[in-house]
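These notes concern the structure reproduced below.
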Amino acid sequence: MICLGIETSCDETALAVIEDGRVAGSVLASQTNLHALFGGVVPELASREHCRYIGPLFDELMRRCCLRPADITYVAVARGPGLLGSLLVGVAFAKALALGLDCKFIGVNHLHAHLLVNGLAHKLSFPALGLLVSGGHTHLYHIHSPQFFTQLGRTLDDAAGEAFDKVGKLLGFPYPSGHLIDALGREGVADPTLFPRPYLDNDNLDFSFSGLKTAVAAHLGSRRLPDKTDDDLKKCCASFNLAVVDTLCVKVERALDRRPSLRVLLLAGGVASNFLLRERMTALMGKRGGKTLVPPPDLCTDNAVMIAYAGWLLYSNRYYHSLDMETIPRGRVIPDDMLSISSK
Ligand code: KG4
Ligand code: ZN
C-alpha cells in the first residue's frame, strides 16, 4: 500500500511516501529564509510559494521513489489547522490527484499527525497522553486511538515555540530561535527564581506563555544586548528554558494524576527537540512506571512524513474522506467527519 502525504499548512511545502508503514521517500522546500526577512510567516507569500513548489516537488518525489503516480493507493493531506491559503494549495492538489488517479483520499489533522509520527520510531500503544509543543500550538490530548483524540488543554495565547521565538527576538537572535536558546541555555546555569512559572494557579490543563515573554523583557530592561559568550545571556536562556519546561511538566503531571490509566506520553512538535524538555519528560514518566516517546528531531518540525504516516494509520483502520471535505483554518474545530469503508 502506497500512501502519499502532503503538508502545506504553514511555510513548508512537503510531500512524502509511506509504503507499508515505512518511509519510501520525502521532499521538502522550506520558506524559512524568505519569511525571516519579515520576522514571521507572511500568509500571502507562503501560499504563493506553495503553488510554485508543489508540482515540481511531486515529480521529484516520484522520481526518487521510482514510482509512477498510478502506483499511489491513497492520498493524505493536512486539512488543518493552519493558514487557509496555504492549506488550500495542498488540499486542492491532493483532491485533484485522488480524482485523477481514482484513489481514496483523506484529510489529516496536522496536530494529530505531529503526535502519531512517533509510531515510525517507536511502537505505539493507546490510550496515551499527547503533548504537542510547536511554533503555533501547545496542546494536551488524551489519545484513545489514531482517529480519536480528546483535547484536555491548550495555550490561551502564545504557543511554547512562539514564546521561545519572541524571547529570541528580544535577545537579538534570528527567527526561529528555540534551538539557539536551548543550545546557549545548556552552557549556562539556570536561576529558578529569575522568571515565573505562568498560569499554574488554577486547576485546569491550559497554558499561557505570553507573560513569560513580558517577564524576560522586564528582566532585560534597557540593557545593551550581550554577545553570545556572555554568562548573563547563557543564564537568561537557561532560566527561561527551565521556566517553560517546569510549566509544561506541572500540567503533564496534573493530567496524569487525573487520568492514571495513561502510561505513555507522546511528545511532538518543534519544541520536542528541546534537550531539557526531553530529559524531564522522560524522567517524569519513568518515575510513574511509564514511558515518553519522542520522534527524531527531523520529524519534530513540520514535515510530510507525519501526514503520510497518519494517513497510512487511518487507511489501515479503513477511514477516508469524500472529495467535498472542507479545509479548516486555524481557530476552527476540525469536524469528526471521516467515512469508514466498512460502514458502506
Ligand atoms: O513544529 P514546528 O515546525 O512549528 C509549527 O508547526 O508551528 O516547530 C517550530 C518551533 C519554533 O518555534 C522553534 O523555535 C521551536 O519549534 N524549536 C525549539 C527547539 N527547536 C525548535 N524550541 C525549543 N528548543 C529547541 N531545541
Ligand atoms: Zn506543525
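Quick note on naming: the chains in the C-alpha cells go A, B, ... in the order shown, residues restart at 1 in each chain, and ligands are numbered from 1 in order of appearance.
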Could you please extract the residues within 9 Å of ligand 2, counting only C-alpha atoms and all ligand atoms, and hand them back as a list of chain:residue names? A:Ser9, A:Cys10, A:Pro81, A:Gly82, A:His110, A:Leu111, A:Ala113, A:His114, A:Leu132, A:Val133, A:Ser134, A:Gly135, A:Gly136, A:His137, A:Gly269, A:Gly270, A:Cys300, A:Thr301, A:Asp302, A:Asn303
Write down as number ranges by chain the residues of region 118-326 of chain A whose backbone DSSP state falls under alpha helix (DSSP H). A: 118-121, 160-170, 178-187, 210-220, 231-258, 275-287, 305-316
Given only C-alpha atoms as the basis, pick out the residue of A:Ser210, A:Ile307, A:Leu299, A:Glu12 nearest to His112 (chain A). A:Ile307
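The environment of Val167 (chain A) within 10 Å, counting only C-alpha atoms and disregarding residues fewer than 2 places along the same chain, consists of A:Gly161, A:Glu162, A:Ala163, A:Phe164, A:Asp165, A:Lys169, A:Leu170, A:Leu171, A:Gly172, A:Phe173, A:Ser177, A:Gly178, A:Ile181, A:Leu212, A:Lys213, A:Thr214, A:Ala215, A:Val216, A:Ala217, A:Cys237, A:Phe240.
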Give me a file of those residues, with C-alpha atoms, as a short mmCIF file (atom, residue, chain, number, x, y, z; two decimals), in the first residue's frame.
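Contents of part.cif, freshly written:
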```cif
data_model
loop_
_atom_site.label_atom_id
_atom_site.label_comp_id
_atom_site.auth_asym_id
_atom_site.auth_seq_id
_atom_site.Cartn_x
_atom_site.Cartn_y
_atom_site.Cartn_z
CA GLY A 161 7.63 27.66 20.46
CA GLU A 162 6.27 31.16 19.90
CA ALA A 163 7.47 32.10 23.41
CA PHE A 164 10.96 30.81 22.51
CA ASP A 165 10.89 32.81 19.25
CA LYS A 169 13.82 38.27 19.23
CA LEU A 170 14.29 40.22 22.50
CA LEU A 171 17.78 38.69 22.74
CA GLY A 172 18.60 39.65 19.15
CA PHE A 173 18.57 36.08 17.78
CA SER A 177 15.35 30.86 17.86
CA GLY A 178 14.23 27.93 20.03
CA ILE A 181 18.12 29.34 23.35
CA LEU A 212 6.79 34.85 30.45
CA LYS A 213 7.97 36.81 27.43
CA THR A 214 6.99 40.03 29.26
CA ALA A 215 8.98 38.87 32.31
CA VAL A 216 12.06 38.34 30.13
CA ALA A 217 11.56 41.80 28.55
CA CYS A 237 18.47 31.39 28.26
CA PHE A 240 13.76 30.89 30.55
#
```
As an exercise, work out the distance from CA of Glu44 (chain A) to CA of Ser86 (chain A) in Å and give it to one decimal place. 8.2 Å
Show which residues sit within 6 Å of region 318-325 of chain A, as a VMD selection string. Count only C-alpha atoms, and ignore same-chain residues fewer than 6 positions away. chain A and resid 105 to 106 338 to 341
Looking only at the backbone, which of the residues in region 53-280 of chain A does DSSP tag as strand (DSSP E or B), as a PyMOL selection string? chain A and resi 74-80+104-109+128-133+138-145+148-155+207+264-268
Write to file, as a short mmCIF file (atom, residue, chain, number, x, y, z; two decimals), in the first residue's frame, the residues of the selection just made, with N, CA and C atoms.
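Generated output (selection.cif):
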```
data_model
loop_
_atom_site.label_atom_id
_atom_site.label_comp_id
_atom_site.auth_asym_id
_atom_site.auth_seq_id
_atom_site.Cartn_x
_atom_site.Cartn_y
_atom_site.Cartn_z
N TYR A 74 -3.39 5.83 -1.99
CA TYR A 74 -4.13 6.62 -1.01
C TYR A 74 -3.45 7.99 -0.91
N VAL A 75 -4.21 9.07 -0.93
CA VAL A 75 -3.62 10.41 -0.82
C VAL A 75 -4.06 11.04 0.50
N ALA A 76 -3.10 11.39 1.35
CA ALA A 76 -3.39 12.05 2.63
C ALA A 76 -2.86 13.48 2.57
N VAL A 77 -3.63 14.41 3.12
CA VAL A 77 -3.20 15.81 3.10
C VAL A 77 -3.54 16.47 4.42
N ALA A 78 -2.70 17.43 4.84
CA ALA A 78 -3.03 18.20 6.05
C ALA A 78 -4.21 19.10 5.71
N ARG A 79 -5.34 18.91 6.42
CA ARG A 79 -6.55 19.71 6.11
C ARG A 79 -6.68 20.88 7.08
N GLY A 80 -5.85 20.94 8.12
CA GLY A 80 -5.92 22.00 9.10
C GLY A 80 -5.40 21.50 10.43
N LYS A 104 -8.43 6.58 -3.01
CA LYS A 104 -9.04 7.14 -1.81
C LYS A 104 -8.22 8.32 -1.30
N PHE A 105 -8.91 9.20 -0.58
CA PHE A 105 -8.35 10.47 -0.16
C PHE A 105 -8.69 10.68 1.32
N ILE A 106 -7.78 11.31 2.07
CA ILE A 106 -8.13 11.65 3.47
C ILE A 106 -7.48 12.96 3.89
N GLY A 107 -8.23 13.75 4.65
CA GLY A 107 -7.70 14.97 5.24
C GLY A 107 -7.26 14.66 6.67
N VAL A 108 -6.00 14.96 6.96
CA VAL A 108 -5.41 14.60 8.25
C VAL A 108 -5.32 15.86 9.13
N ASN A 109 -5.62 15.71 10.40
CA ASN A 109 -5.41 16.78 11.37
C ASN A 109 -3.90 16.93 11.58
N ALA A 128 -2.98 7.04 25.28
CA ALA A 128 -1.73 7.73 25.59
C ALA A 128 -2.05 9.20 25.87
N LEU A 129 -1.15 9.85 26.60
CA LEU A 129 -1.25 11.30 26.76
C LEU A 129 -0.41 11.91 25.64
N GLY A 130 -0.90 12.97 25.01
CA GLY A 130 -0.14 13.63 23.93
C GLY A 130 0.17 15.06 24.32
N LEU A 131 1.44 15.46 24.21
CA LEU A 131 1.79 16.88 24.42
C LEU A 131 2.43 17.39 23.14
N LEU A 132 1.71 18.29 22.46
CA LEU A 132 2.23 18.88 21.23
C LEU A 132 2.72 20.29 21.55
N VAL A 133 4.01 20.53 21.34
CA VAL A 133 4.61 21.84 21.62
C VAL A 133 5.33 22.32 20.37
N THR A 138 0.25 24.63 21.48
CA THR A 138 0.62 23.88 22.69
C THR A 138 -0.67 23.20 23.13
N HIS A 139 -0.76 21.91 22.90
CA HIS A 139 -1.99 21.17 23.17
C HIS A 139 -1.70 19.92 23.98
N LEU A 140 -2.61 19.61 24.89
CA LEU A 140 -2.54 18.35 25.64
C LEU A 140 -3.75 17.51 25.21
N TYR A 141 -3.50 16.24 24.90
CA TYR A 141 -4.59 15.37 24.45
C TYR A 141 -4.61 14.05 25.22
N HIS A 142 -5.81 13.52 25.38
CA HIS A 142 -5.96 12.11 25.72
C HIS A 142 -6.17 11.43 24.36
N ILE A 143 -5.23 10.57 23.98
CA ILE A 143 -5.32 9.92 22.66
C ILE A 143 -5.88 8.52 22.87
N HIS A 144 -7.07 8.30 22.34
CA HIS A 144 -7.72 7.00 22.51
C HIS A 144 -7.27 6.02 21.42
N SER A 145 -7.06 6.55 20.20
CA SER A 145 -6.68 5.73 19.04
C SER A 145 -6.20 6.70 17.96
N PHE A 148 -9.13 9.02 17.23
CA PHE A 148 -9.97 9.62 18.26
C PHE A 148 -9.12 10.25 19.36
N PHE A 149 -9.12 11.59 19.39
CA PHE A 149 -8.36 12.37 20.37
C PHE A 149 -9.33 13.24 21.19
N THR A 150 -9.12 13.34 22.51
CA THR A 150 -9.87 14.30 23.31
C THR A 150 -8.90 15.39 23.76
N GLN A 151 -9.22 16.64 23.44
CA GLN A 151 -8.33 17.74 23.85
C GLN A 151 -8.54 18.05 25.33
N LEU A 152 -7.44 18.03 26.10
CA LEU A 152 -7.53 18.29 27.54
C LEU A 152 -7.18 19.73 27.88
N GLY A 153 -6.30 20.32 27.08
CA GLY A 153 -5.86 21.69 27.36
C GLY A 153 -5.12 22.26 26.16
N ARG A 154 -4.96 23.58 26.19
CA ARG A 154 -4.24 24.24 25.09
C ARG A 154 -3.75 25.59 25.58
N THR A 155 -2.92 26.26 24.79
CA THR A 155 -2.48 27.58 25.21
C THR A 155 -3.57 28.60 24.95
N PHE A 207 -2.57 26.47 29.10
CA PHE A 207 -1.28 27.15 29.26
C PHE A 207 -1.42 28.63 28.88
N VAL A 264 1.68 6.21 28.80
CA VAL A 264 2.60 6.57 27.72
C VAL A 264 2.40 8.03 27.39
N LEU A 265 3.49 8.78 27.25
CA LEU A 265 3.40 10.17 26.81
C LEU A 265 4.00 10.28 25.42
N LEU A 266 3.19 10.78 24.47
CA LEU A 266 3.71 11.08 23.14
C LEU A 266 4.03 12.57 23.12
N LEU A 267 5.29 12.89 22.87
CA LEU A 267 5.74 14.28 22.82
C LEU A 267 6.00 14.61 21.36
N ALA A 268 5.66 15.82 20.91
CA ALA A 268 5.88 16.14 19.50
C ALA A 268 5.89 17.64 19.28
#
```
With only C-alpha atoms and all ligand atoms as the atoms that count, which of A:Pro127, A:Pro260, A:Pro192, A:Pro295 lies nearest to ligand 1? A:Pro295
Could you list, as an mmCIF file with all heavy atoms, in the first residue's frame, every residue within 8 Å of Leu84 (chain A), counting only C-alpha atoms and ignoring same-chain residues fewer than 4 positions away?
```
data_model
loop_
_atom_site.group_PDB
_atom_site.id
_atom_site.type_symbol
_atom_site.label_atom_id
_atom_site.label_comp_id
_atom_site.auth_asym_id
_atom_site.auth_seq_id
_atom_site.Cartn_x
_atom_site.Cartn_y
_atom_site.Cartn_z
ATOM 1 N N SER A 9 0.593 23.401 5.516
ATOM 2 C CA SER A 9 -0.242 24.189 6.434
ATOM 3 C C SER A 9 0.387 25.523 6.825
ATOM 4 O O SER A 9 -0.306 26.434 7.240
ATOM 5 C CB SER A 9 -0.554 23.378 7.689
ATOM 6 O OG SER A 9 0.630 23.121 8.382
ATOM 7 N N LEU A 88 -5.100 25.369 1.393
ATOM 8 C CA LEU A 88 -5.903 25.135 0.183
ATOM 9 C C LEU A 88 -5.052 24.666 -0.998
ATOM 10 O O LEU A 88 -5.524 23.890 -1.823
ATOM 11 C CB LEU A 88 -6.673 26.407 -0.191
ATOM 12 C CG LEU A 88 -7.925 26.675 0.656
ATOM 13 C CD1 LEU A 88 -8.473 28.076 0.390
ATOM 14 C CD2 LEU A 88 -9.002 25.622 0.405
ATOM 15 N N THR A 327 -11.661 22.346 4.116
ATOM 16 C CA THR A 327 -10.344 22.709 4.665
ATOM 17 C C THR A 327 -10.592 23.596 5.885
ATOM 18 O O THR A 327 -11.441 24.484 5.835
ATOM 19 C CB THR A 327 -9.539 23.484 3.600
ATOM 20 O OG1 THR A 327 -9.479 22.676 2.427
ATOM 21 C CG2 THR A 327 -8.135 23.812 4.071
ATOM 22 N N ILE A 328 -9.860 23.333 6.986
ATOM 23 C CA ILE A 328 -10.169 24.034 8.243
ATOM 24 C C ILE A 328 -8.998 24.910 8.686
ATOM 25 O O ILE A 328 -7.954 24.392 9.098
ATOM 26 C CB ILE A 328 -10.495 23.024 9.376
ATOM 27 C CG1 ILE A 328 -11.500 21.964 8.903
ATOM 28 C CG2 ILE A 328 -10.984 23.751 10.629
ATOM 29 C CD1 ILE A 328 -12.898 22.463 8.651
ATOM 30 N N PRO A 329 -9.170 26.239 8.638
ATOM 31 C CA PRO A 329 -8.063 27.114 9.069
ATOM 32 C C PRO A 329 -7.925 27.138 10.586
ATOM 33 O O PRO A 329 -8.786 26.623 11.309
ATOM 34 C CB PRO A 329 -8.497 28.494 8.563
ATOM 35 C CG PRO A 329 -9.982 28.433 8.510
ATOM 36 C CD PRO A 329 -10.350 26.998 8.226
ATOM 37 N N ARG A 330 -6.850 27.753 11.047
ATOM 38 C CA ARG A 330 -6.603 27.904 12.484
ATOM 39 C C ARG A 330 -7.785 28.619 13.136
ATOM 40 O O ARG A 330 -8.356 29.539 12.557
ATOM 41 C CB ARG A 330 -5.333 28.727 12.650
ATOM 42 C CG ARG A 330 -4.938 28.814 14.065
ATOM 43 C CD ARG A 330 -3.554 29.327 14.231
ATOM 44 N NE ARG A 330 -3.282 29.250 15.670
ATOM 45 C CZ ARG A 330 -2.235 29.767 16.242
ATOM 46 N NH1 ARG A 330 -1.334 30.361 15.531
ATOM 47 N NH2 ARG A 330 -2.056 29.657 17.531
#
```
Counting only C-alpha atoms, closest pick from A:Leu4, A:Glu279, A:Val271, A:Gly21 relative to Leu120 (chain A) is A:Gly21
Residues near region 56-70 of chain A, cut-off 9 Å, only C-alpha atoms, skip fewer than 5 positions along chain, as a list in words: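 Answer for this query is Thr13, Ala14, Leu15, Ala16, Val17, Ala24, Gly25, Ser26, Val27, Leu28, Ala29, Leu97 and Leu101 of chain A.
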Hey, which of A:Val91, A:Gln147, A:Ile54, A:Thr8 ends up closest to Leu313 (chain A)? Count only C-alpha atoms. A:Gln147
